[in-house]
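Enquirer: The structure file upload_29.cif (mmCIF, C-alpha atoms) is provided below.
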```
data_my_file
loop_
_atom_site.label_atom_id
_atom_site.label_comp_id
_atom_site.auth_asym_id
_atom_site.auth_seq_id
_atom_site.Cartn_x
_atom_site.Cartn_y
_atom_site.Cartn_z
CA MET D 1 29.07 39.03 16.06
CA LYS D 2 28.13 37.67 19.48
CA HIS D 3 24.42 38.11 18.65
CA VAL D 4 24.86 36.17 15.41
CA ARG D 5 26.36 33.25 17.34
CA ILE D 6 23.52 33.31 19.86
CA VAL D 7 20.93 33.34 17.06
CA ALA D 8 22.77 30.53 15.26
CA VAL D 9 22.89 28.39 18.41
CA GLY D 10 19.21 29.13 19.06
CA MET D 11 18.28 28.10 15.52
CA LEU D 12 20.33 24.92 15.90
CA LEU D 13 18.49 24.03 19.11
CA VAL D 14 15.10 24.68 17.47
CA GLY D 15 16.14 22.49 14.54
CA LEU D 16 17.16 19.67 16.87
CA ALA D 17 13.85 19.89 18.73
CA ILE D 18 11.92 19.69 15.45
CA ALA D 19 14.03 16.75 14.30
CA GLN D 20 13.30 14.91 17.55
CA ASP D 21 9.55 15.50 17.12
CA ILE D 22 9.68 14.19 13.56
CA SER D 23 11.73 11.21 14.72
CA ARG D 24 9.16 10.43 17.43
CA GLU D 25 6.31 10.62 14.89
CA THR D 26 8.16 8.32 12.48
CA THR D 27 8.94 5.87 15.27
CA ALA D 28 5.29 5.85 16.32
CA ILE D 29 4.22 4.96 12.82
CA GLN D 30 6.91 2.33 12.50
CA THR D 31 5.71 0.51 15.62
CA GLN D 32 2.31 -0.19 14.04
CA ASP D 33 1.70 -3.11 11.74
CA LEU D 34 0.54 -2.75 8.13
CA LEU D 35 -3.15 -3.29 8.87
CA THR D 36 -3.27 -0.91 11.85
CA THR D 37 -1.50 1.75 9.81
CA ALA D 38 -3.92 1.29 6.89
CA GLN D 39 -6.88 1.48 9.28
CA ALA D 40 -5.66 4.87 10.49
CA ASP D 41 -5.61 6.27 6.93
CA ARG D 42 -9.11 7.30 5.79
CA SER D 43 -8.09 7.09 2.12
CA LEU D 44 -7.56 3.33 2.58
CA ALA D 45 -10.90 2.47 4.23
CA MET D 46 -12.11 0.37 1.28
CA PHE D 47 -8.74 -1.41 1.09
CA VAL D 48 -9.05 -2.34 4.78
CA THR D 49 -12.57 -3.66 4.15
CA ALA D 50 -11.22 -5.69 1.21
CA VAL D 51 -8.36 -7.09 3.30
CA GLN D 52 -10.80 -8.13 6.01
CA SER D 53 -13.23 -9.70 3.53
CA SER D 54 -10.38 -11.62 1.86
CA GLY D 55 -9.14 -13.18 5.08
CA MET D 56 -5.74 -11.48 4.76
CA ALA D 57 -6.02 -9.25 7.84
CA LYS D 58 -4.07 -11.61 10.09
CA MET D 59 -1.21 -11.82 7.59
CA LEU D 60 -0.84 -8.01 7.52
CA ARG D 61 -0.41 -8.05 11.29
CA GLU D 62 2.32 -10.73 11.19
CA GLU D 63 6.06 -10.27 11.30
CA GLY D 64 6.70 -9.80 7.58
CA PRO D 65 8.22 -7.80 6.12
CA PHE D 66 5.75 -7.20 3.33
CA THR D 67 5.34 -4.47 0.76
CA VAL D 68 1.67 -3.68 0.26
CA PHE D 69 0.47 -1.78 -2.78
CA ALA D 70 -2.74 -0.61 -1.14
CA LEU D 71 -5.55 0.52 -3.38
CA SER D 72 -7.08 3.85 -2.45
CA ASN D 73 -10.77 4.52 -1.94
CA ARG D 74 -10.65 6.18 -5.36
CA ALA D 75 -9.48 2.93 -6.95
CA PHE D 76 -12.43 1.07 -5.42
CA ALA D 77 -14.86 3.85 -6.36
CA ASN D 78 -13.75 3.55 -9.99
CA LEU D 79 -14.66 -0.14 -10.14
CA PRO D 80 -18.13 -0.87 -11.50
CA LYS D 81 -20.46 -1.12 -8.50
CA GLU D 82 -21.45 -4.71 -9.31
CA ASP D 83 -17.79 -5.81 -9.55
CA ARG D 84 -16.92 -4.07 -6.28
CA GLU D 85 -19.84 -5.70 -4.44
CA THR D 86 -19.09 -9.11 -5.93
CA LEU D 87 -15.43 -8.96 -4.98
CA LEU D 88 -16.17 -7.79 -1.44
CA THR D 89 -18.49 -10.76 -0.91
CA ASP D 90 -16.32 -13.43 -2.57
CA ARG D 91 -13.45 -14.15 -0.20
CA ALA D 92 -11.41 -16.26 -2.62
CA ALA D 93 -11.72 -13.80 -5.52
CA MET D 94 -10.74 -10.83 -3.33
CA HIS D 95 -7.85 -12.83 -1.86
CA LEU D 96 -6.59 -13.59 -5.38
CA LEU D 97 -6.89 -9.94 -6.40
CA LEU D 98 -5.12 -8.54 -3.32
CA ALA D 99 -2.37 -11.19 -3.45
CA HIS D 100 -1.31 -9.55 -6.74
CA TYR D 101 -0.61 -6.33 -4.80
CA ILE D 102 1.51 -7.72 -1.94
CA THR D 103 5.15 -8.84 -2.02
CA ARG D 104 7.46 -10.30 0.58
CA GLY D 105 10.18 -7.92 1.78
CA SER D 106 10.28 -4.15 2.21
CA ILE D 107 10.63 -2.27 -1.06
CA ALA D 108 10.99 1.50 -0.94
CA ALA D 109 9.47 3.51 -3.80
CA ASP D 110 12.87 4.84 -4.84
CA ASP D 111 14.39 1.34 -5.04
CA THR D 112 13.43 0.81 -8.67
CA ALA D 113 15.77 -2.17 -9.13
CA SER D 114 13.94 -4.08 -6.36
CA LEU D 115 10.57 -2.88 -7.63
CA GLN D 116 11.32 -4.17 -11.12
CA SER D 117 12.24 -7.63 -9.84
CA ALA D 118 9.54 -7.95 -7.16
CA ARG D 119 7.16 -10.88 -7.26
CA THR D 120 3.74 -10.88 -5.65
CA LEU D 121 2.45 -13.44 -3.17
CA VAL D 122 1.10 -15.46 -6.10
CA GLY D 123 4.54 -15.45 -7.77
CA VAL D 124 3.71 -12.96 -10.53
CA LYS D 125 6.29 -10.31 -11.32
CA LEU D 126 5.04 -6.75 -10.83
CA HIS D 127 4.79 -4.71 -14.01
CA ILE D 128 6.77 -1.53 -13.33
CA ASP D 129 6.78 1.45 -15.66
CA ILE D 130 9.11 4.34 -14.81
CA ARG D 131 8.05 7.61 -16.43
CA SER D 132 9.10 11.22 -16.03
CA GLU D 133 5.95 11.93 -13.98
CA GLY D 134 6.48 8.98 -11.63
CA SER D 135 6.47 5.22 -11.26
CA TYR D 136 3.54 2.98 -12.16
CA VAL D 137 2.82 -0.47 -10.74
CA ASN D 138 0.49 -2.66 -12.77
CA GLY D 139 -0.67 0.49 -14.57
CA ALA D 140 -1.45 2.47 -11.39
CA LYS D 141 0.51 5.50 -10.25
CA LEU D 142 2.70 4.69 -7.26
CA SER D 143 2.55 7.12 -4.35
CA GLU D 144 5.80 8.95 -3.87
CA ASN D 145 5.77 8.47 -0.12
CA ASP D 146 6.66 5.23 1.58
CA ILE D 147 4.42 4.53 4.56
CA ARG D 148 6.80 2.60 6.77
CA CYS D 149 5.34 0.16 9.27
CA ALA D 150 6.77 -2.25 11.83
CA ASN D 151 6.35 -5.16 9.42
CA GLY D 152 6.82 -3.55 6.01
CA ILE D 153 5.92 -0.67 3.74
CA ILE D 154 2.64 0.54 2.24
CA HIS D 155 2.46 2.27 -1.13
CA VAL D 156 -0.85 3.72 -2.24
CA LEU D 157 -2.11 3.08 -5.77
CA ASP D 158 -4.85 5.09 -7.47
CA SER D 159 -6.36 2.35 -9.64
CA PHE D 160 -6.72 -1.38 -10.16
CA ASP D 161 -5.13 -3.32 -12.99
CA PRO D 162 -8.21 -4.11 -15.15
CA GLY D 163 -6.75 -7.49 -16.13
CA LEU D 164 -6.43 -8.53 -12.49
CA VAL D 165 -10.01 -7.41 -11.77
CA HIS D 166 -11.16 -9.42 -14.80
CA ASP D 167 -9.36 -12.53 -13.50
CA ALA D 168 -10.84 -12.12 -10.01
CA MET D 169 -14.34 -11.66 -11.47
CA ALA D 170 -13.90 -14.80 -13.60
CA MET D 171 -12.89 -16.72 -10.47
CA SER D 172 -15.97 -15.39 -8.68
CA ARG D 173 -18.24 -16.55 -11.54
CA THR D 174 -16.60 -19.99 -11.42
CA ASN D 175 -17.10 -20.11 -7.64
CA ARG D 176 -20.81 -19.26 -8.00
CA GLU D 177 -21.31 -21.86 -10.74
CA ALA D 178 -19.63 -24.55 -8.64
CA LYS D 179 -22.08 -23.97 -5.78
#
```
Take the structure in this file and express it as structure tokens.
Expert:
Amino acid sequence: MKHVRIVAVGMLLVGLAIAQDISRETTAIQTQDLLTTAQADRSLAMFVTAVQSSGMAKMLREEGPFTVFALSNRAFANLPKEDRETLLTDRAAMHLLLAHYITRGSIAADDTASLQSARTLVGVKLHIDIRSEGSYVNGAKLSENDIRCANGIIHVLDSFDPGLVHDAMAMSRTNREAK
């Protein structure tokens, strides 16, 4: 019986040590801003490039809080090459597109009530679809993990809303014609 208690106490101490390590890792992530956190994630490299080309980098370092629905490298790779290149070189069009994927406030993935009422930086309500296999934002599957940052939360999406890309491309064409 004495050995069982010693083993139990030992396991409790190991569990506490692991919990402290996890807590330290979480705290380290939470002290970084949204942009720094995204830069550290290789799967968001194209999103970071898009943020920088749109002029929104400074905003993602500010106090916030913001909820960023960051588009994965896969989402960018699935865009037609010409559209991707056009958007990355047209600051206003990329800004318009990304502003549809950022909201004010921190919204956790499991807070579906807040997700369903969230409005983007351009004032458009997010289209949320809750299915048995997960949640979808503007037609893209929402990552199940919240990436918590000092000034908000990042959720990773696997695709763009084609309608939003179409609108951004139309804006880019208008910008080119006006020049």
Enquirer: Residues proximal to (4.3, -5.8, 1.8) were defined as those with any atom within 7 Å of that point in the file's coordinates, counting all atoms listed in the file. Which are they, as a PyMOL selection string?
Expert: chain D and resi 65-68+102-106+152-154
Enquirer: At most 8 Å is the cut-off: for each residue in stretch 71-117 of chain D with any atom that close to an atom of stretch 48-60 of chain D, write down the nearest atom pair and the distance in Å rounded to one decimal, counting all atoms listed in the file, chain first then increasing number, as a Markdown table.
Expert:
```
| residue | atom | partner | partner_atom | distance |
| --- | --- | --- | --- | --- |
| D:Leu88 | CA | D:Ala50 | CA | 6.0 |
| D:Thr89 | CA | D:Ser53 | CA | 7.0 |
| D:Asp90 | CA | D:Ser54 | CA | 7.6 |
| D:Arg91 | CA | D:Ser54 | CA | 4.5 |
| D:Ala92 | CA | D:Ser54 | CA | 6.5 |
| D:Ala93 | CA | D:Ser54 | CA | 7.8 |
| D:Met94 | CA | D:Ser54 | CA | 5.3 |
| D:His95 | CA | D:Ser54 | CA | 4.7 |
| D:Leu98 | CA | D:Val51 | CA | 7.5 |
```
Enquirer: Applied to this file, what does the PyMOL selection byres ((chain D and resi 33) around 8) return in terms of residues, put as a list in words?
Expert: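 Given this file, the PyMOL selection byres ((chain D and resi 33) around 8) evaluates to Gln30, Thr31, Gln32, Leu34, Leu35, Thr36, Thr37, Leu60, Arg61, Glu62, Cys149, Ala150, Asn151 and Gly152 of chain D.
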Enquirer: Just checking: using all atoms listed in the file, which residue out of D:Asp167, D:Asp158, D:Glu63, D:Glu82 ends up closest to D:Ser135?
Expert: D:Asp158
Enquirer: Quick one: of D:Ile130, D:Ala168, D:Leu142, D:Leu79, who's nearest to D:Leu97, counting only C-alpha atoms?
Expert: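 The answer is D:Ala168, which sits nearest to D:Leu97.
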Enquirer: Residues picked by the PyMOL selection byres ((chain D and resi 113-117) around 9) here, as an MDAnalysis selection string?
Expert: chainID D and resid 107:112 118:119 125:129 137
Enquirer: Considering all atoms listed in the file, state which residue in the set D:Leu87, D:Ala38, D:Leu44, D:Ala140 is at the smallest distance from D:Phe160.
Expert: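 Once distances to D:Phe160 are computed over all atoms listed in the file, the minimum belongs to D:Ala140.
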Enquirer: In Å, how far is it from atom CA of D:Asp83 to atom CA of D:Gly123?
Expert: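 Spanning atom CA of D:Asp83 to atom CA of D:Gly123 is a straight-line distance of 24.4 Å.
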Enquirer: Near D:Ser159, within 10 Å and counting all atoms listed in the file, which residues show up once chain neighbours fewer than 6 positions away are dropped, as a ChimeraX atom specification?
Expert: /D:70-79,137-142
Enquirer: Report, in Å to a single decimal, how far apart atom CA of D:Met171 and atom CA of D:Tyr136 are.
Expert: 25.7 Å
Enquirer: Just give me the gap between atom CA of D:Leu121 and atom CA of D:Pro80 in Å, one decimal is fine.
Expert: 25.5 Å
Enquirer: May I ask which of the residues D:Gly163, D:Val122, D:Thr174, D:Phe69 is the closest one to D:Asn145, counting all atoms listed in the file?
Expert: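 Of D:Gly163, D:Val122, D:Thr174, D:Phe69, the one nearest D:Asn145 is D:Phe69, counting all atoms listed in the file.
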Enquirer: Could stretch 82-93 of chain D be completed with all heavy atoms and returned as a CSV table (one decimal), in the coordinates of the input?
Expert:
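The resulting file, out-v8.csv, is shown below:
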```csv
chain,number,residue,atom,x,y,z
D,82,GLU,N,-21.2,-3.3,-9.4
D,82,GLU,CA,-21.4,-4.7,-9.3
D,82,GLU,C,-20.2,-5.5,-9.1
D,82,GLU,O,-20.1,-6.4,-8.3
D,82,GLU,CB,-22.1,-5.2,-10.6
D,82,GLU,CG,-22.5,-6.6,-10.6
D,82,GLU,CD,-23.2,-7.1,-11.9
D,82,GLU,OE1,-24.3,-6.5,-12.2
D,82,GLU,OE2,-22.7,-7.9,-12.5
D,83,ASP,N,-19.1,-5.1,-9.8
D,83,ASP,CA,-17.8,-5.8,-9.6
D,83,ASP,C,-17.3,-5.6,-8.1
D,83,ASP,O,-16.8,-6.5,-7.5
D,83,ASP,CB,-16.7,-5.3,-10.5
D,83,ASP,CG,-17.0,-5.7,-12.0
D,83,ASP,OD1,-18.0,-6.4,-12.2
D,83,ASP,OD2,-16.2,-5.3,-12.8
D,84,ARG,N,-17.4,-4.4,-7.6
D,84,ARG,CA,-16.9,-4.1,-6.3
D,84,ARG,C,-17.7,-4.9,-5.3
D,84,ARG,O,-17.1,-5.5,-4.4
D,84,ARG,CB,-17.1,-2.6,-6.0
D,84,ARG,CG,-16.6,-2.1,-4.7
D,84,ARG,CD,-16.6,-0.6,-4.5
D,84,ARG,NE,-17.9,-0.1,-4.7
D,84,ARG,CZ,-18.3,0.8,-5.7
D,84,ARG,NH1,-17.4,1.1,-6.5
D,84,ARG,NH2,-19.5,1.2,-5.8
D,85,GLU,N,-19.0,-4.9,-5.4
D,85,GLU,CA,-19.8,-5.7,-4.4
D,85,GLU,C,-19.6,-7.2,-4.5
D,85,GLU,O,-19.5,-7.9,-3.5
D,85,GLU,CB,-21.3,-5.4,-4.7
D,85,GLU,CG,-21.7,-4.0,-4.3
D,85,GLU,CD,-23.1,-3.6,-4.6
D,85,GLU,OE1,-23.9,-4.4,-5.2
D,85,GLU,OE2,-23.5,-2.5,-4.3
D,86,THR,N,-19.4,-7.7,-5.7
D,86,THR,CA,-19.1,-9.1,-5.9
D,86,THR,C,-17.8,-9.5,-5.3
D,86,THR,O,-17.7,-10.5,-4.6
D,86,THR,CB,-19.1,-9.5,-7.4
D,86,THR,OG1,-20.4,-9.2,-8.0
D,86,THR,CG2,-18.7,-10.9,-7.7
D,87,LEU,N,-16.7,-8.7,-5.5
D,87,LEU,CA,-15.4,-9.0,-5.0
D,87,LEU,C,-15.4,-8.9,-3.5
D,87,LEU,O,-14.8,-9.7,-2.8
D,87,LEU,CB,-14.4,-8.0,-5.6
D,87,LEU,CG,-14.1,-8.2,-7.0
D,87,LEU,CD1,-13.2,-7.1,-7.6
D,87,LEU,CD2,-13.3,-9.6,-7.2
D,88,LEU,N,-16.1,-7.9,-2.9
D,88,LEU,CA,-16.2,-7.8,-1.4
D,88,LEU,C,-16.9,-8.9,-0.8
D,88,LEU,O,-16.8,-9.1,0.5
D,88,LEU,CB,-16.8,-6.4,-1.0
D,88,LEU,CG,-15.9,-5.2,-1.3
D,88,LEU,CD1,-16.6,-3.9,-1.1
D,88,LEU,CD2,-14.6,-5.3,-0.5
D,89,THR,N,-17.7,-9.7,-1.5
D,89,THR,CA,-18.5,-10.8,-0.9
D,89,THR,C,-17.9,-12.1,-1.3
D,89,THR,O,-18.4,-13.1,-0.8
D,89,THR,CB,-20.0,-10.7,-1.3
D,89,THR,OG1,-20.1,-10.7,-2.7
D,89,THR,CG2,-20.6,-9.4,-0.7
D,90,ASP,N,-16.9,-12.2,-2.2
D,90,ASP,CA,-16.3,-13.4,-2.6
D,90,ASP,C,-14.9,-13.5,-2.0
D,90,ASP,O,-14.0,-12.9,-2.6
D,90,ASP,CB,-16.3,-13.6,-4.1
D,90,ASP,CG,-15.9,-14.9,-4.6
D,90,ASP,OD1,-15.0,-15.5,-3.9
D,90,ASP,OD2,-16.4,-15.4,-5.6
D,91,ARG,N,-14.7,-14.1,-0.9
D,91,ARG,CA,-13.4,-14.2,-0.2
D,91,ARG,C,-12.3,-14.6,-1.1
D,91,ARG,O,-11.2,-14.0,-1.1
D,91,ARG,CB,-13.6,-15.0,1.0
D,91,ARG,CG,-12.3,-15.1,1.9
D,91,ARG,CD,-12.6,-16.1,3.1
D,91,ARG,NE,-11.4,-16.1,3.9
D,91,ARG,CZ,-11.4,-15.9,5.2
D,91,ARG,NH1,-12.5,-15.8,5.8
D,91,ARG,NH2,-10.3,-16.0,5.9
D,92,ALA,N,-12.5,-15.7,-1.8
D,92,ALA,CA,-11.4,-16.3,-2.6
D,92,ALA,C,-11.0,-15.3,-3.8
D,92,ALA,O,-9.8,-15.1,-4.0
D,92,ALA,CB,-11.8,-17.6,-3.2
D,93,ALA,N,-12.0,-14.7,-4.4
D,93,ALA,CA,-11.7,-13.8,-5.5
D,93,ALA,C,-11.0,-12.6,-5.0
D,93,ALA,O,-10.0,-12.1,-5.7
D,93,ALA,CB,-13.0,-13.4,-6.2
```
